[in-house]
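Structure file final13.pdb; described as PDB, C-alpha atoms and all ligand atoms.
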```pdb
ATOM      1  CA  MET A   3       0.000   0.000   0.000
ATOM      2  CA  ASP A   4       1.730   3.085  -1.262
ATOM      3  CA  TYR A   5      -0.509   5.798   0.079
ATOM      4  CA  VAL A   6       0.208   9.400   0.962
ATOM      5  CA  ASP A   7      -1.509  12.368   2.563
ATOM      6  CA  LEU A   8      -0.133  15.682   1.333
ATOM      7  CA  HIS A   9      -2.166  17.994   3.560
ATOM      8  CA  VAL A  10      -2.275  17.544   7.336
ATOM      9  CA  HIS A  11      -2.162  19.892  10.338
ATOM     10  CA  SER A  12      -0.550  19.540  13.760
ATOM     11  CA  ASN A  13      -0.947  21.586  16.921
ATOM     12  CA  ALA A  14       1.787  23.891  15.656
ATOM     13  CA  SER A  15      -1.241  25.441  13.911
ATOM     14  CA  ASP A  16      -4.834  24.338  14.376
ATOM     15  CA  GLY A  17      -4.597  20.560  14.408
ATOM     16  CA  SER A  18      -5.098  18.805  17.747
ATOM     17  CA  LEU A  19      -2.208  16.302  17.619
ATOM     18  CA  SER A  20       1.430  17.106  18.272
ATOM     19  CA  PRO A  21       3.651  16.521  15.234
ATOM     20  CA  ARG A  22       4.959  13.312  16.861
ATOM     21  CA  ASP A  23       1.456  11.907  17.535
ATOM     22  CA  LEU A  24       0.392  12.907  14.050
ATOM     23  CA  VAL A  25       3.237  10.927  12.511
ATOM     24  CA  ALA A  26       2.349   7.928  14.688
ATOM     25  CA  GLU A  27      -1.292   8.182  13.586
ATOM     26  CA  ALA A  28      -0.231   8.326   9.915
ATOM     27  CA  LYS A  29       1.919   5.265  10.447
ATOM     28  CA  ASN A  30      -1.052   3.447  12.021
ATOM     29  CA  ARG A  31      -3.062   4.321   8.943
ATOM     30  CA  SER A  32      -0.379   2.664   6.788
ATOM     31  CA  MET A  33       0.761   5.818   5.067
ATOM     32  CA  ARG A  34       4.077   5.793   3.231
ATOM     33  CA  ALA A  35       4.482   9.582   3.291
ATOM     34  CA  ILE A  36       2.749  12.664   4.659
ATOM     35  CA  ALA A  37       3.286  16.364   4.141
ATOM     36  CA  LEU A  38       2.876  18.427   7.297
ATOM     37  CA  THR A  39       1.307  21.655   6.025
ATOM     38  CA  ASP A  40       0.513  23.834   9.024
ATOM     39  CA  HIS A  41      -1.037  27.254   8.421
ATOM     40  CA  ASP A  42       1.600  29.958   8.041
ATOM     41  CA  THR A  43       4.129  28.129  10.252
ATOM     42  CA  THR A  44       6.951  25.598   9.949
ATOM     43  CA  GLU A  45       7.362  25.169  13.699
ATOM     44  CA  GLY A  46       6.108  21.572  13.788
ATOM     45  CA  LEU A  47       8.444  20.290  11.091
ATOM     46  CA  ASP A  48      11.584  19.457  13.092
ATOM     47  CA  GLU A  49       9.583  17.276  15.477
ATOM     48  CA  ALA A  50       7.694  15.646  12.593
ATOM     49  CA  LEU A  51      10.913  14.894  10.669
ATOM     50  CA  ALA A  52      12.504  13.337  13.755
ATOM     51  CA  ALA A  53       9.416  11.219  14.443
ATOM     52  CA  GLY A  54       9.247  10.202  10.789
ATOM     53  CA  ALA A  55      12.860   9.056  10.851
ATOM     54  CA  ALA A  56      12.221   7.084  14.043
ATOM     55  CA  LEU A  57       9.038   5.404  12.799
ATOM     56  CA  GLY A  58      10.004   4.947   9.162
ATOM     57  CA  LEU A  59       7.530   7.338   7.583
ATOM     58  CA  GLU A  60       8.571   9.782   4.888
ATOM     59  CA  ILE A  61       7.859  13.371   5.960
ATOM     60  CA  ILE A  62       7.588  16.036   3.300
ATOM     61  CA  PRO A  63       8.249  19.458   4.837
ATOM     62  CA  GLY A  64       5.313  21.679   3.918
ATOM     63  CA  ILE A  65       3.273  24.733   4.734
ATOM     64  CA  GLU A  66      -0.146  26.190   3.879
ATOM     65  CA  ILE A  67      -0.091  29.927   3.229
ATOM     66  CA  SER A  68      -3.291  31.990   3.069
ATOM     67  CA  ALA A  69      -3.104  34.360   0.110
ATOM     68  CA  ASP A  70      -5.090  37.465  -0.685
ATOM     69  CA  HIS A  71      -8.175  36.616  -2.740
ATOM     70  CA  LYS A  72     -11.797  37.659  -2.949
ATOM     71  CA  PRO A  73     -14.567  36.651  -2.467
ATOM     72  CA  GLY A  74     -13.486  33.249  -1.125
ATOM     73  CA  SER A  75     -10.190  32.113   0.361
ATOM     74  CA  MET A  76      -7.034  31.023  -1.403
ATOM     75  CA  HIS A  77      -4.657  28.640   0.348
ATOM     76  CA  ILE A  78      -1.346  27.823  -1.292
ATOM     77  CA  LEU A  79       0.414  24.646  -0.203
ATOM     78  CA  GLY A  80       4.199  24.583  -0.270
ATOM     79  CA  LEU A  81       5.707  21.084  -0.485
ATOM     80  CA  PHE A  82       9.366  20.035  -0.167
ATOM     81  CA  ILE A  83      10.300  23.408   1.316
ATOM     82  CA  ASP A  84      13.542  24.038   3.136
ATOM     83  CA  HIS A  85      11.860  25.036   6.389
ATOM     84  CA  ARG A  86      15.035  26.596   7.742
ATOM     85  CA  HIS A  87      15.224  29.011   4.836
ATOM     86  CA  ASN A  88      15.855  32.477   6.310
ATOM     87  CA  GLY A  89      13.816  34.426   3.792
ATOM     88  CA  LEU A  90      10.775  32.234   4.407
ATOM     89  CA  ASP A  91      11.150  32.579   8.151
ATOM     90  CA  GLU A  92      11.239  36.370   7.967
ATOM     91  CA  GLN A  93       8.033  36.450   5.914
ATOM     92  CA  LEU A  94       6.280  34.039   8.269
ATOM     93  CA  LYS A  95       7.047  36.326  11.198
ATOM     94  CA  ILE A  96       4.947  38.982   9.481
ATOM     95  CA  LEU A  97       2.031  36.553   9.298
ATOM     96  CA  LYS A  98       2.473  35.585  12.933
ATOM     97  CA  ARG A  99       2.199  39.232  13.967
ATOM     98  CA  ALA A 100      -0.886  39.669  11.785
ATOM     99  CA  ARG A 101      -2.570  36.757  13.596
ATOM    100  CA  ALA A 102      -1.580  38.040  17.014
ATOM    101  CA  GLU A 103      -3.218  41.365  16.177
ATOM    102  CA  ARG A 104      -6.330  39.850  14.677
ATOM    103  CA  ASN A 105      -7.380  37.274  17.264
ATOM    104  CA  PRO A 106      -8.191  39.755  20.071
ATOM    105  CA  LEU A 107     -10.287  41.764  17.581
ATOM    106  CA  ILE A 108     -12.406  38.696  16.831
ATOM    107  CA  ILE A 109     -12.811  38.038  20.561
ATOM    108  CA  ALA A 110     -13.861  41.668  21.122
ATOM    109  CA  LYS A 111     -16.531  41.335  18.411
ATOM    110  CA  LEU A 112     -17.863  38.140  19.971
ATOM    111  CA  GLN A 113     -17.975  39.833  23.373
ATOM    112  CA  LYS A 114     -19.958  42.668  21.805
ATOM    113  CA  PHE A 115     -22.500  40.069  20.668
ATOM    114  CA  GLY A 116     -22.810  39.106  24.343
ATOM    115  CA  LEU A 117     -20.702  35.924  24.267
ATOM    116  CA  ALA A 118     -18.483  35.383  27.300
ATOM    117  CA  ILE A 119     -15.243  34.272  25.676
ATOM    118  CA  THR A 120     -11.699  35.376  26.454
ATOM    119  CA  MET A 121      -8.410  35.307  24.611
ATOM    120  CA  GLU A 122      -6.976  33.190  27.456
ATOM    121  CA  GLU A 123      -9.526  30.438  26.833
ATOM    122  CA  VAL A 124      -8.640  30.389  23.165
ATOM    123  CA  THR A 125      -4.899  30.358  23.791
ATOM    124  CA  GLU A 126      -5.375  27.420  26.124
ATOM    125  CA  VAL A 127      -7.250  25.419  23.501
ATOM    126  CA  ALA A 128      -4.452  26.176  21.025
ATOM    127  CA  GLY A 129      -1.974  24.621  23.471
ATOM    128  CA  GLY A 130       0.970  26.858  22.623
ATOM    129  CA  GLY A 131       0.635  26.641  18.841
ATOM    130  CA  GLN A 132      -0.438  29.318  16.436
ATOM    131  CA  VAL A 133      -4.002  30.508  17.230
ATOM    132  CA  GLY A 134      -6.635  30.406  14.491
ATOM    133  CA  ARG A 135     -10.372  30.672  14.061
ATOM    134  CA  PRO A 136     -10.858  26.907  14.547
ATOM    135  CA  HIS A 137      -9.673  27.326  18.152
ATOM    136  CA  ILE A 138     -12.181  30.098  18.708
ATOM    137  CA  ALA A 139     -14.867  27.883  17.168
ATOM    138  CA  ARG A 140     -13.882  25.083  19.550
ATOM    139  CA  VAL A 141     -14.337  27.336  22.569
ATOM    140  CA  LEU A 142     -17.741  28.494  21.300
ATOM    141  CA  VAL A 143     -18.819  24.854  20.989
ATOM    142  CA  ASP A 144     -17.407  23.910  24.395
ATOM    143  CA  LYS A 145     -19.229  26.807  26.054
ATOM    144  CA  GLY A 146     -22.496  25.842  24.395
ATOM    145  CA  TYR A 147     -22.936  29.019  22.345
ATOM    146  CA  VAL A 148     -23.187  26.951  19.172
ATOM    147  CA  ALA A 149     -24.085  23.317  18.612
ATOM    148  CA  SER A 150     -21.254  22.581  16.205
ATOM    149  CA  PHE A 151     -17.946  23.737  14.815
ATOM    150  CA  GLN A 152     -19.677  24.515  11.515
ATOM    151  CA  GLU A 153     -22.340  26.607  13.235
ATOM    152  CA  ALA A 154     -19.595  28.693  14.844
ATOM    153  CA  PHE A 155     -18.328  29.569  11.353
ATOM    154  CA  ASP A 156     -21.781  29.997   9.808
ATOM    155  CA  ARG A 157     -23.066  32.331  12.530
ATOM    156  CA  PHE A 158     -19.922  34.129  13.671
ATOM    157  CA  LEU A 159     -16.490  33.355  12.273
ATOM    158  CA  GLY A 160     -16.835  32.632   8.558
ATOM    159  CA  ASN A 161     -15.533  35.047   5.916
ATOM    160  CA  HIS A 162     -19.018  36.420   5.398
ATOM    161  CA  ALA A 163     -20.141  36.271   9.060
ATOM    162  CA  PRO A 164     -20.438  39.153  11.571
ATOM    163  CA  ALA A 165     -17.452  38.427  13.857
ATOM    164  CA  TYR A 166     -15.073  38.005  10.930
ATOM    165  CA  VAL A 167     -11.975  40.162  11.016
ATOM    166  CA  ASN A 168      -9.741  40.393   7.995
ATOM    167  CA  LYS A 169      -6.020  39.876   8.440
ATOM    168  CA  PHE A 170      -2.982  40.766   6.394
ATOM    169  CA  ARG A 171      -2.240  38.262   3.656
ATOM    170  CA  PHE A 172       0.463  38.082   1.053
ATOM    171  CA  SER A 173      -0.563  38.251  -2.588
ATOM    172  CA  PRO A 174      -0.782  34.885  -4.353
ATOM    173  CA  GLN A 175       2.279  35.873  -6.380
ATOM    174  CA  LYS A 176       4.251  36.562  -3.226
ATOM    175  CA  ALA A 177       3.094  33.356  -1.499
ATOM    176  CA  ILE A 178       4.209  31.289  -4.501
ATOM    177  CA  ALA A 179       7.514  33.165  -4.665
ATOM    178  CA  MET A 180       8.192  32.537  -0.952
ATOM    179  CA  ILE A 181       7.646  28.804  -1.422
ATOM    180  CA  THR A 182       9.733  28.629  -4.584
ATOM    181  CA  ALA A 183      12.571  30.603  -3.028
ATOM    182  CA  ALA A 184      12.607  28.084  -0.170
ATOM    183  CA  GLY A 185      13.096  25.305  -2.735
ATOM    184  CA  GLY A 186       9.527  24.021  -2.634
ATOM    185  CA  VAL A 187       6.745  23.524  -5.136
ATOM    186  CA  ALA A 188       3.481  25.442  -4.798
ATOM    187  CA  ALA A 189       0.035  23.858  -5.112
ATOM    188  CA  LEU A 190      -3.403  25.449  -4.966
ATOM    189  CA  ALA A 191      -5.275  23.851  -2.046
ATOM    190  CA  HIS A 192      -9.019  22.978  -2.183
ATOM    191  CA  PRO A 193      -9.796  25.120  -5.272
ATOM    192  CA  PHE A 194     -13.523  25.310  -4.461
ATOM    193  CA  THR A 195     -12.886  27.738  -1.596
ATOM    194  CA  LEU A 196     -11.922  30.374  -4.178
ATOM    195  CA  GLU A 197     -15.677  30.661  -4.768
ATOM    196  CA  TYR A 198     -15.068  30.888  -8.520
ATOM    197  CA  THR A 199     -18.117  31.510 -10.678
ATOM    198  CA  SER A 200     -17.405  28.827 -13.322
ATOM    199  CA  PHE A 201     -14.692  26.390 -14.382
ATOM    200  CA  GLY A 202     -13.737  28.956 -17.007
ATOM    201  CA  HIS A 203     -13.168  31.468 -14.235
ATOM    202  CA  LEU A 204     -11.118  28.954 -12.256
ATOM    203  CA  LYS A 205      -9.061  28.244 -15.355
ATOM    204  CA  THR A 206      -8.250  31.937 -15.767
ATOM    205  CA  ILE A 207      -7.134  32.146 -12.124
ATOM    206  CA  LEU A 208      -5.018  29.001 -12.497
ATOM    207  CA  GLN A 209      -3.324  30.289 -15.647
ATOM    208  CA  GLN A 210      -2.309  33.401 -13.757
ATOM    209  CA  LEU A 211      -1.055  31.369 -10.776
ATOM    210  CA  ARG A 212       0.869  29.085 -13.111
ATOM    211  CA  ASP A 213       2.585  32.102 -14.681
ATOM    212  CA  TRP A 214       3.694  33.044 -11.171
ATOM    213  CA  GLY A 215       5.150  29.572 -10.603
ATOM    214  CA  LEU A 216       2.301  27.373  -9.359
ATOM    215  CA  THR A 217       3.157  23.727  -9.991
ATOM    216  CA  ALA A 218       0.139  21.737  -8.891
ATOM    217  CA  ILE A 219      -3.483  21.705  -7.868
ATOM    218  CA  GLU A 220      -5.048  19.768  -5.015
ATOM    219  CA  VAL A 221      -7.350  17.443  -6.925
ATOM    220  CA  PHE A 222      -8.061  14.874  -4.199
ATOM    221  CA  TYR A 223      -9.730  16.321  -1.106
ATOM    222  CA  PRO A 224     -12.575  15.027   1.096
ATOM    223  CA  GLU A 225     -14.944  17.823   0.082
ATOM    224  CA  HIS A 226     -14.426  17.232  -3.656
ATOM    225  CA  SER A 227     -17.023  14.954  -5.241
ATOM    226  CA  ARG A 228     -15.781  12.424  -7.801
ATOM    227  CA  GLU A 229     -17.108  14.739 -10.536
ATOM    228  CA  LYS A 230     -15.184  17.669  -9.113
ATOM    229  CA  GLN A 231     -12.013  15.592  -8.870
ATOM    230  CA  GLN A 232     -12.419  14.705 -12.533
ATOM    231  CA  SER A 233     -12.926  18.357 -13.535
ATOM    232  CA  TYR A 234      -9.861  19.453 -11.570
ATOM    233  CA  LYS A 235      -7.874  16.579 -13.047
ATOM    234  CA  ASN A 236      -8.856  17.700 -16.552
ATOM    235  CA  LEU A 237      -7.913  21.298 -15.756
ATOM    236  CA  ALA A 238      -4.541  20.169 -14.428
ATOM    237  CA  GLY A 239      -3.972  18.232 -17.651
ATOM    238  CA  GLU A 240      -4.961  21.186 -19.847
ATOM    239  CA  LEU A 241      -2.734  23.593 -17.959
ATOM    240  CA  GLY A 242       0.248  21.303 -17.483
ATOM    241  CA  LEU A 243      -0.122  21.303 -13.704
ATOM    242  CA  LEU A 244       0.640  18.340 -11.447
ATOM    243  CA  MET A 245      -1.867  16.926  -8.959
ATOM    244  CA  THR A 246      -1.749  16.672  -5.183
ATOM    245  CA  GLY A 247      -4.184  15.232  -2.694
ATOM    246  CA  GLY A 248      -4.704  15.268   1.030
ATOM    247  CA  SER A 249      -7.250  14.970   3.809
ATOM    248  CA  ASP A 250      -6.689  18.332   5.562
ATOM    249  CA  TYR A 251      -6.605  16.311   8.778
ATOM    250  CA  HIS A 252      -6.989  18.459  11.923
ATOM    251  CA  GLY A 253      -7.494  15.772  14.627
ATOM    252  CA  ILE A 254     -10.490  16.345  16.901
ATOM    253  CA  ILE A 255     -10.967  19.843  15.458
ATOM    254  CA  LYS A 256     -12.563  18.148  12.430
ATOM    255  CA  PRO A 257     -13.333  14.657  13.794
ATOM    256  CA  GLU A 258     -14.942  13.319  10.604
ATOM    257  CA  VAL A 259     -11.676  13.681   8.651
ATOM    258  CA  LYS A 260      -9.251  10.721   8.777
ATOM    259  CA  ILE A 261      -5.593  10.764   7.756
ATOM    260  CA  GLY A 262      -5.134   9.425   4.251
ATOM    261  CA  LEU A 263      -8.792   9.435   3.212
ATOM    262  CA  VAL A 264      -9.903  11.842   0.483
ATOM    263  CA  GLY A 265     -13.286  10.261  -0.133
ATOM    264  CA  PRO A 266     -15.180   7.148   0.996
ATOM    265  CA  GLY A 267     -12.484   4.463   0.874
ATOM    266  CA  GLN A 268     -10.399   6.655  -1.420
ATOM    267  CA  HIS A 269      -6.639   7.091  -0.945
ATOM    268  CA  VAL A 270      -3.923   9.091  -2.692
ATOM    269  CA  ALA A 271      -1.193   7.173  -4.526
ATOM    270  CA  TYR A 272       2.521   7.638  -3.822
ATOM    271  CA  GLU A 273       3.014   8.071  -7.558
ATOM    272  CA  LEU A 274       1.932  11.722  -7.194
ATOM    273  CA  VAL A 275       4.891  12.305  -4.894
ATOM    274  CA  GLU A 276       7.304  10.892  -7.462
ATOM    275  CA  LYS A 277       6.022  13.312 -10.087
ATOM    276  CA  LEU A 278       6.304  16.203  -7.651
ATOM    277  CA  LYS A 279       9.852  15.232  -6.762
ATOM    278  CA  GLU A 280      10.934  15.447 -10.411
ATOM    279  CA  LYS A 281       9.489  18.953 -10.466
ATOM    280  CA  VAL A 282      11.235  19.922  -7.224
ATOM    281  CA  GLY A 283      14.568  19.150  -8.837
ATOM    282  CA  GLN A 284      13.735  21.390 -11.794
ATOM    283  CA  VAL A 285      12.514  24.267  -9.609
ATOM    284  CA  GLN A 286      15.649  24.106  -7.485
ATOM    285  CA  LEU A 287      17.855  24.224 -10.574
ATOM    286  CA  GLN A 288      15.989  27.276 -11.846
ATOM    287  CA  THR A 289      16.272  29.065  -8.511
ATOM    288  CA  LEU A 290      19.970  28.272  -8.439
ATOM    289  CA  ASN A 291      20.460  29.698 -11.916
ATOM    290  CA  LEU A 292      18.537  32.845 -11.003
ATOM    291  CA  SER A 293      20.641  33.487  -7.919
ATOM    292  CA  MET A 294      23.938  32.998  -9.737
TER     293      MET A 294
HETATM  294  P1  LIG B   1      -7.660  31.207  10.167
HETATM  295  O1  LIG B   1      -6.358  30.627   9.698
HETATM  296  O2  LIG B   1      -7.627  31.624  11.586
HETATM  297  O3  LIG B   1      -8.179  32.276   9.252
HETATM  298  O4  LIG B   1      -8.701  29.987  10.079
HETATM  299  C1  LIG B   1      -8.843  29.338   8.863
HETATM  300  C2  LIG B   1      -9.393  27.949   9.082
HETATM  301  O5  LIG B   1     -10.720  28.036   9.586
HETATM  302  C3  LIG B   1      -9.528  27.178   7.788
HETATM  303  O6  LIG B   1      -8.371  26.455   7.488
HETATM  304  C4  LIG B   1     -10.678  26.238   8.081
HETATM  305  O7  LIG B   1     -10.207  25.099   8.803
HETATM  306  C5  LIG B   1     -11.539  27.023   9.020
HETATM  307  N1  LIG B   1     -12.630  27.686   8.292
HETATM  308  C6  LIG B   1     -12.601  28.880   7.658
HETATM  309  N2  LIG B   1     -13.805  29.195   7.132
HETATM  310  C7  LIG B   1     -14.624  28.165   7.455
HETATM  311  C8  LIG B   1     -16.009  27.887   7.211
HETATM  312  N3  LIG B   1     -16.801  28.735   6.552
HETATM  313  N4  LIG B   1     -16.490  26.717   7.692
HETATM  314  C9  LIG B   1     -15.719  25.863   8.396
HETATM  315  N5  LIG B   1     -14.421  26.066   8.657
HETATM  316  C10 LIG B   1     -13.874  27.190   8.195
HETATM  317 ZN    ZN B   2      -6.519  24.549   9.578
HETATM  318 FE    FE B   3      -6.822  25.309   3.790
HETATM  319 FE    FE B   4      -5.411  22.899   5.654
END
```

Just dump the structure as structure tokens.
Amino acid sequence: MDYVDLHVHSNASDGSLSPRDLVAEAKNRSMRAIALTDHDTTEGLDEALAAGAALGLEIIPGIEISADHKPGSMHILGLFIDHRHNGLDEQLKILKRARAERNPLIIAKLQKFGLAITMEEVTEVAGGGQVGRPHIARVLVDKGYVASFQEAFDRFLGNHAPAYVNKFRFSPQKAIAMITAAGGVAALAHPFTLEYTSFGHLKTILQQLRDWGLTAIEVFYPEHSREKQQSYKNLAGELGLLMTGGSDYHGIIKPEVKIGLVGPGQHVAYELVEKLKEKVGQVQLQTLNLSM
């Protein structure tokens, strides 16, 4: 069984498992490789790489960067990055500050709606990792203000909901450049969250992203129907993009999602990783030539 999961989160961002426990869970699920792709942070990668070496699981150093896009959200996955790259680290510090400024503003809005929630409660749920809206949602569920994680987003926290607070994001071009400069390949995560109006519209966006250096598109994802997977696969073929796939595992934050599953009984083949690796070599050569 040569299966992979190229999109998982640890408690360095908004997953519930530590990088070590995450690697153990992936091993239990018979994965051959996983990419740890925490939101805007690489802080879980050293622990994941060490655990992977100990347990015999290939760890692909990754990241998921939120890029500026309207009306929906654009997440760019970086795979095979050098997570100790200085330039990348400097840029991520900017995002960390943006989050630190934004979270208290969301809490203040919720308090204005009469909900008794504090920043301390949210920080505690995050357990020392980077704080995000899923942690706030968790607290709202735990305190009984909403019946479910999804309701927390629908009523309060979602991009179009009343307690939403925007935060600084890099442009898609910049996000792709950061990943490429760190030796990685960039992939558009869960394309449907762009809220594109048609496949033609999505194609236009993808062409632009490809011109900026995008290498792949996340075709396999639990929220993509088989039809959608096929459409994305066709688009990738037309545009000369590679495919990735992953579960977007978050542990108990999204309990219905299991590592390695991108649909009922559906897994992602290791073959995708081999194709990506060929590309990584090419990207690194190009970057080397540019800097010489
Ligand atoms: P943040 O990084 O703090 O902006 O939080 C982003 C995360 O919140 C995403 O990765 C999703 O896991 C979750 N999220 C955002 N919007 C929604 C939504 N409408 N419904 C459910 N989860 C969402
Ligand atoms: Zn997340
Ligand atoms: Fe995402
Ligand atoms: Fe994700």

| Contacts with ligand ZN 2 (chain B) at most 8 Å, all atoms listed in the file counted, listed as a PyMOL selection string | chain A and resi 11+15-17+40-41+134+136+250+252

| Pick from A:Glu258, A:Phe222, A:Ala50, A:Thr206 nearest to Glu240 (chain A), counting only C-alpha atoms | A:Thr206

What are the closest atom pairs, with distances in Å to one decimal, for each residue of region 157-212 of chain A lying within 10 Å of region 75-89 of chain A, using all atoms listed in the file, rows by chain and rising residue number, as a Markdown table?
```
| residue | atom | partner | partner_atom | distance |
| --- | --- | --- | --- | --- |
| A:Asn161 | CA | A:Ser75 | CA | 8.2 |
| A:Ser173 | CA | A:Met76 | CA | 9.8 |
| A:Pro174 | CA | A:Ile78 | CA | 7.7 |
| A:Ala177 | CA | A:Ile78 | CA | 7.1 |
| A:Ile178 | CA | A:Ile78 | CA | 7.3 |
| A:Met180 | CA | A:Gly89 | CA | 7.6 |
| A:Ile181 | CA | A:Gly80 | CA | 5.6 |
| A:Thr182 | CA | A:Ile83 | CA | 7.9 |
| A:Ala183 | CA | A:Gly89 | CA | 7.9 |
| A:Ala184 | CA | A:Asp84 | CA | 5.3 |
| A:Gly185 | CA | A:Ile83 | CA | 5.3 |
| A:Gly186 | CA | A:Ile83 | CA | 4.1 |
| A:Val187 | CA | A:Leu81 | CA | 5.4 |
| A:Ala188 | CA | A:Gly80 | CA | 4.7 |
| A:Ala189 | CA | A:Leu79 | CA | 5.0 |
| A:Leu190 | CA | A:Ile78 | CA | 4.8 |
| A:Ala191 | CA | A:His77 | CA | 5.4 |
| A:His192 | CA | A:His77 | CA | 7.6 |
| A:Pro193 | CA | A:Met76 | CA | 7.6 |
| A:Phe194 | CA | A:Ser75 | CA | 9.0 |
| A:Thr195 | CA | A:Ser75 | CA | 5.5 |
| A:Leu196 | CA | A:Ser75 | CA | 5.2 |
| A:Glu197 | CA | A:Ser75 | CA | 7.6 |
```

| Of the listed residues A:Glu153, A:Asp70, A:Asp42, A:Glu126, that which approaches ligand FE 4 (chain B) most closely, counting all atoms listed in the file |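 For ligand FE 4 (chain B), the nearest of the given residues is A:Asp42.
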
| request: Find, counting all atoms listed in the file, the residue in A:Ile65, A:Ala110, A:Ala118, A:Ala56 that gets nearest to Ser12 (chain A). | output: A:Ile65

| query | Using only C-alpha atoms and all ligand atoms, which of the listed residues (A:Ser249, A:Asn291, A:Gln132, A:Asn13) sits closest to ligand FE 4 (chain B)? | reply | A:Ser249

Mind working out the centre and edge lengths of an axis-aligned box for ligand LIG 1 (chain B), all listed atoms inside, 3 Å added to each side, rounded to one decimal in Å and written as JSON?
```
{"center_x": -11.6, "center_y": 28.7, "center_z": 9.1, "size_x": 16.4, "size_y": 13.2, "size_z": 11.0}
```

| request: Would you kindly return, as a VMD selection string, each protein, DNA or RNA residue with an atom no farther than 10 Å from any atom of Thr246 (chain A), considering only C-alpha atoms and excluding same-chain residues fewer than 4 positions away? | output: chain A and resid 6 to 9 79 81 189 to 191 217 to 223 235 270 to 271 274 to 275 277 to 278

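Between CA of Ser32 (chain A) and CA of Ala52 (chain A) the separation is 18.1 Å.
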
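Residue nearest Arg171 (chain A), chosen from A:Ala238, A:Val141, A:Ala69, A:Leu117 and counting only C-alpha atoms: A:Ala69.
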
| Closest of A:Leu57, A:Ile109, A:Ala28, A:Ile255 to Val143 (chain A) - atom-to-atom distances counting all atoms listed in the file |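 Checking each of A:Leu57, A:Ile109, A:Ala28, A:Ile255 against Val143 (chain A), counting all atoms listed in the file, the winner is A:Ile255.
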
Using only C-alpha atoms, which residues sit within 8 Å of Asn105 (chain A) once same-chain residues fewer than 2 positions away are excluded, as a short mmCIF file (atom, residue, chain, number, x, y, z; two decimals) with C-alpha atoms, keeping the file's coordinate frame?
```
data_model
loop_
_atom_site.label_atom_id
_atom_site.label_comp_id
_atom_site.auth_asym_id
_atom_site.auth_seq_id
_atom_site.Cartn_x
_atom_site.Cartn_y
_atom_site.Cartn_z
CA ARG A 101 -2.57 36.76 13.60
CA ALA A 102 -1.58 38.04 17.01
CA GLU A 103 -3.22 41.36 16.18
CA LEU A 107 -10.29 41.76 17.58
CA ILE A 108 -12.41 38.70 16.83
CA ILE A 109 -12.81 38.04 20.56
CA MET A 121 -8.41 35.31 24.61
CA VAL A 133 -4.00 30.51 17.23
CA GLY A 134 -6.64 30.41 14.49
CA ARG A 135 -10.37 30.67 14.06
#
```

| message | I'd like the neighbourhood of Lys145 (chain A) as a ChimeraX atom specification, where a residue qualifies if any of its atoms comes within 12 Å (using all atoms listed in the file), though same-chain residues fewer than 2 positions away should be ignored. | response | /A:117-120,123-124,138-143,147-151,154

| message | Residues near Ala55 (chain A), anyone? I mean within 12 Å using only C-alpha atoms, not counting same-chain ones fewer than 5 positions away, as a PyMOL selection string. | response | chain A and resi 22+25-26+29+35+48-50+60-62

Just write the chosen residues, C-alpha atoms, as a short mmCIF file (atom, residue, chain, number, x, y, z; two decimals), in the coordinates of the input.
```cif
data_model
loop_
_atom_site.label_atom_id
_atom_site.label_comp_id
_atom_site.auth_asym_id
_atom_site.auth_seq_id
_atom_site.Cartn_x
_atom_site.Cartn_y
_atom_site.Cartn_z
CA ARG A 22 4.96 13.31 16.86
CA VAL A 25 3.24 10.93 12.51
CA ALA A 26 2.35 7.93 14.69
CA LYS A 29 1.92 5.26 10.45
CA ALA A 35 4.48 9.58 3.29
CA ASP A 48 11.58 19.46 13.09
CA GLU A 49 9.58 17.28 15.48
CA ALA A 50 7.69 15.65 12.59
CA GLU A 60 8.57 9.78 4.89
CA ILE A 61 7.86 13.37 5.96
CA ILE A 62 7.59 16.04 3.30
#
```

| request: Find the spatial neighbours of Gln268 (chain A), counting only C-alpha atoms, within a cut-off of 12 Å - ignore same-chain residues fewer than 3 positions away - and output them as a list in words. | output: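 So, after excluding close chain neighbours, the residues are Tyr5, Val6, Asp7, Phe222, Tyr223, Pro224, His226, Ser227, Arg228, Gln231, Gly247, Gly248, Ser249, Lys260, Ile261, Gly262, Leu263, Val264, Gly265 and Ala271 of chain A.
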
| query | In Å, how far is it from CA of Lys114 (chain A) to atom FE of ligand FE 4 (chain B)? | reply | 29.4 Å

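In this structure, CA of Leu97 (chain A) sits 21.0 Å away from atom N4 of ligand LIG 1 (chain B).
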
| request: Might you spell out which residues the PyMOL selection byres (((chain A and resi 241) around 9) and not hetatm) would select in the displayed file, as a list in words? | output: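 The output of the PyMOL selection byres (((chain A and resi 241) around 9) and not hetatm) on this file is Lys205, Leu208, Gln209, Arg212, Asn236, Leu237, Ala238, Gly239, Glu240, Gly242 and Leu243 of chain A.
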